[in-house]
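Down below is the structure, laid out as structure tokens.
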Amino acid sequence: MQIKDRTFIVSGGSSGLGLATTILFLQNGANVSILDLNPPSSDASSRIDTSRTLFNKTNVSSTESLQAALKSTLKWTKETNKPLSGAVCSAGIGTAALALPKQDSSATHETVKYMDMSLFDRTLAINLRGTVDLIRLTLPHMALNEPWGPDGERGIIVVVSSVAAFEGQIGQLAYSASKGAVRSIVLPLARELGRKAGIRVMGIAPGVFETGMTSPPKKASAPASKERVEGKTKGAIGSRASMSTEMIQYPTRMGRRDEFARLVKEIVENPMLNGGVIRLDGAVRFPSRL
């Protein structure tokens, strides 16, 4: 799929891995519709061509919010004559909770503590439902595109899973469940959409990357949003992973955001990449806890 002169939706595109993808798409001649709760920071905005960027304030866990963002994006594509040709679903949060919370020494059957299901539901609503909802809303429109190239491509979907989908740690029940499900939707979608509509589907499972989850939050006058790229919720795996890179085999460092974006670019441009989930992790293997 050609990147130049096409429009791509990037959910969570205002920060982290999504922002890096947005910037690389713009550098290669694409238009980008960013779906996020907050616009890119002033520092990030200096690296963005605003004439080819559309920001849509979006809560990915809300169908109505996604529909409004898509409507705005489609209107923009008509004005620019650059068809909607892909979606990168990188919005998400990282959360941590124990299935068996620590109990009081005097606990009885009447006073035991349970895991809070509201956090589990919220994690799946953003990471999984938000991903599927964005995909199902964009697919009919990409299927209307004129076929491109010798293979007749019409569009591309890239979802963001995580190494936690393979090696979830203690406390990652909700996060691993959501990212494992995201990983699992790739092949069924690719099998349905390839011959039927000329749309490919791929997933990336990042390891420990330099994002909001792995960098200490900067002090700000207002609290940072929790629903950003790969999240910033206290206690998430990434926030603790920043303490050590010894578990990463090689290179022994965190991944850089541009390395993630470069893989997205290759996925978009390489027609044989379809139906798989690529681990981008430096051969990291997580222990049961950090």
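Each chain in the structure tokens gets a letter, A, B, ..., in the order shown, and its residues are numbered from 1; ligands are numbered from 1 in order too.
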
(request) Would you mind listing what lies within 9 Å of Phe25 in chain A as number ranges by chain, with only C-alpha atoms counted and same-chain residues fewer than 5 positions away left out? (result) A: 3-4, 8, 20, 30-32, 261, 265

(request) Show which residues sit within 10 Å of Leu137 in chain A, as a ChimeraX atom specification. Count only C-alpha atoms, and ignore same-chain residues fewer than 4 positions away. (result) /A:63,66-67,70,132-133,141-142

So that each row is one residue of range 43-121 of chain A with an atom at most 10 Å from range 26-29 of chain A, can you give its shortest atom pair and the distance in Å to one decimal, using only C-alpha atoms, rows by chain and rising number, as a tab-separated table?
```
residue	atom	partner	partner_atom	distance
A:Arg47	CA	A:Leu26	CA	9.5
A:Ile48	CA	A:Leu26	CA	7.4
A:Asp49	CA	A:Leu26	CA	7.0
A:Thr50	CA	A:Leu26	CA	9.6
A:Arg52	CA	A:Leu26	CA	7.3
A:Thr53	CA	A:Leu26	CA	8.1
```

(message) as a count of residues only, please: every residue in range 22-270 of chain A that DSSP puts in alpha helix (DSSP H).
(response) 92

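Using only C-alpha atoms, the nearest neighbour of Val159 in chain A within the list A:Ser42, A:Thr77, A:Ser90, A:Ser11 is A:Ser90.
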
(message) Show me, as an MDAnalysis selection string, the residues that have an atom within 12 Å of range 258-260 of chain A when counting only C-alpha atoms, minus same-chain residues fewer than 6 positions from it.
(response) chainID A and resid 16:25 88 90 158 160 203:211 266:267 278:282

(message) Using only C-alpha atoms, which protein or nucleic acid residues come within 8 Å of Ile248 in chain A? Drop anything in the same chain fewer than 3 positions from it, and give the result as number ranges by chain.
(response) A: 245, 251-254, 281-285

Can I get the selection written as a compact mmCIF listing (two decimals), in the first residue's frame, with C-alpha atoms?
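Final output, again01.txt:
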```txt
# COMPACT_ATOMS: atom_id res chain seq x y z
CA THR A 245 16.73 -3.30 30.91
CA PRO A 251 20.04 -4.52 22.19
CA THR A 252 20.03 -4.03 25.95
CA ARG A 253 17.93 -0.88 25.98
CA MET A 254 14.36 0.21 25.59
CA ASP A 281 11.09 -6.52 21.71
CA GLY A 282 14.84 -7.19 21.52
CA ALA A 283 14.18 -10.83 22.51
CA VAL A 284 12.84 -9.78 25.90
CA ARG A 285 11.22 -12.46 28.04
```

(request) Looking only at strand (DSSP E) from DSSP on the backbone, list the matching residues of range 73-127 of chain A as a ChimeraX atom specification. (result) /A:84-89

Saved selection, atoms kept: N, CA and C atoms, as a compact mmCIF listing (two decimals), in the first residue's frame:
```txt
# COMPACT_ATOMS: atom_id res chain seq x y z
N LEU A 84 -9.21 7.52 2.62
CA LEU A 84 -8.89 6.82 3.86
C LEU A 84 -8.41 5.42 3.50
N SER A 85 -7.14 5.14 3.81
CA SER A 85 -6.53 3.89 3.36
C SER A 85 -5.95 3.04 4.46
N GLY A 86 -6.04 3.49 5.70
CA GLY A 86 -5.49 2.68 6.77
C GLY A 86 -5.82 3.22 8.14
N ALA A 87 -5.75 2.32 9.13
CA ALA A 87 -5.95 2.70 10.53
C ALA A 87 -4.91 2.00 11.38
N VAL A 88 -4.25 2.77 12.23
CA VAL A 88 -3.29 2.22 13.20
C VAL A 88 -3.93 2.40 14.57
N CYS A 89 -4.24 1.30 15.21
CA CYS A 89 -4.98 1.33 16.48
C CYS A 89 -4.00 1.24 17.65
```

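Counting only C-alpha atoms and comparing A:Arg256, A:Lys71, A:Arg183, A:Lys82, the residue that lies closest to Glu146 in chain A is A:Lys82.
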
Give me, as CSV, the closest atom pair and its distance (Å, one decimal) for every residue of range 137-179 of chain A within a cut-off of 8 Å of range 184-197 of chain A, counting only C-alpha atoms, rows sorted by chain and rising number.
```
residue,atom,partner,partner_atom,distance
A:Ala143,CA,A:Ala197,CA,5.5
A:Glu153,CA,A:Ala197,CA,8.0
A:Arg154,CA,A:Ala197,CA,7.0
A:Val159,CA,A:Val186,CA,7.8
```

(message) I'd like the interatomic distance between CA of Ala177 in chain A and CA of Gln103 in chain A, to a tenth of an Å.
(response) 24.1 Å

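The nearest approach to Met1 in chain A among the residues A:Met115, A:Ile156, A:Leu128, A:Ala164, with only C-alpha atoms taken into account, belongs to A:Ile156.
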
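The two atoms in question, CA of Val277 in chain A and CA of Pro39 in chain A, are spaced 28.6 Å apart.
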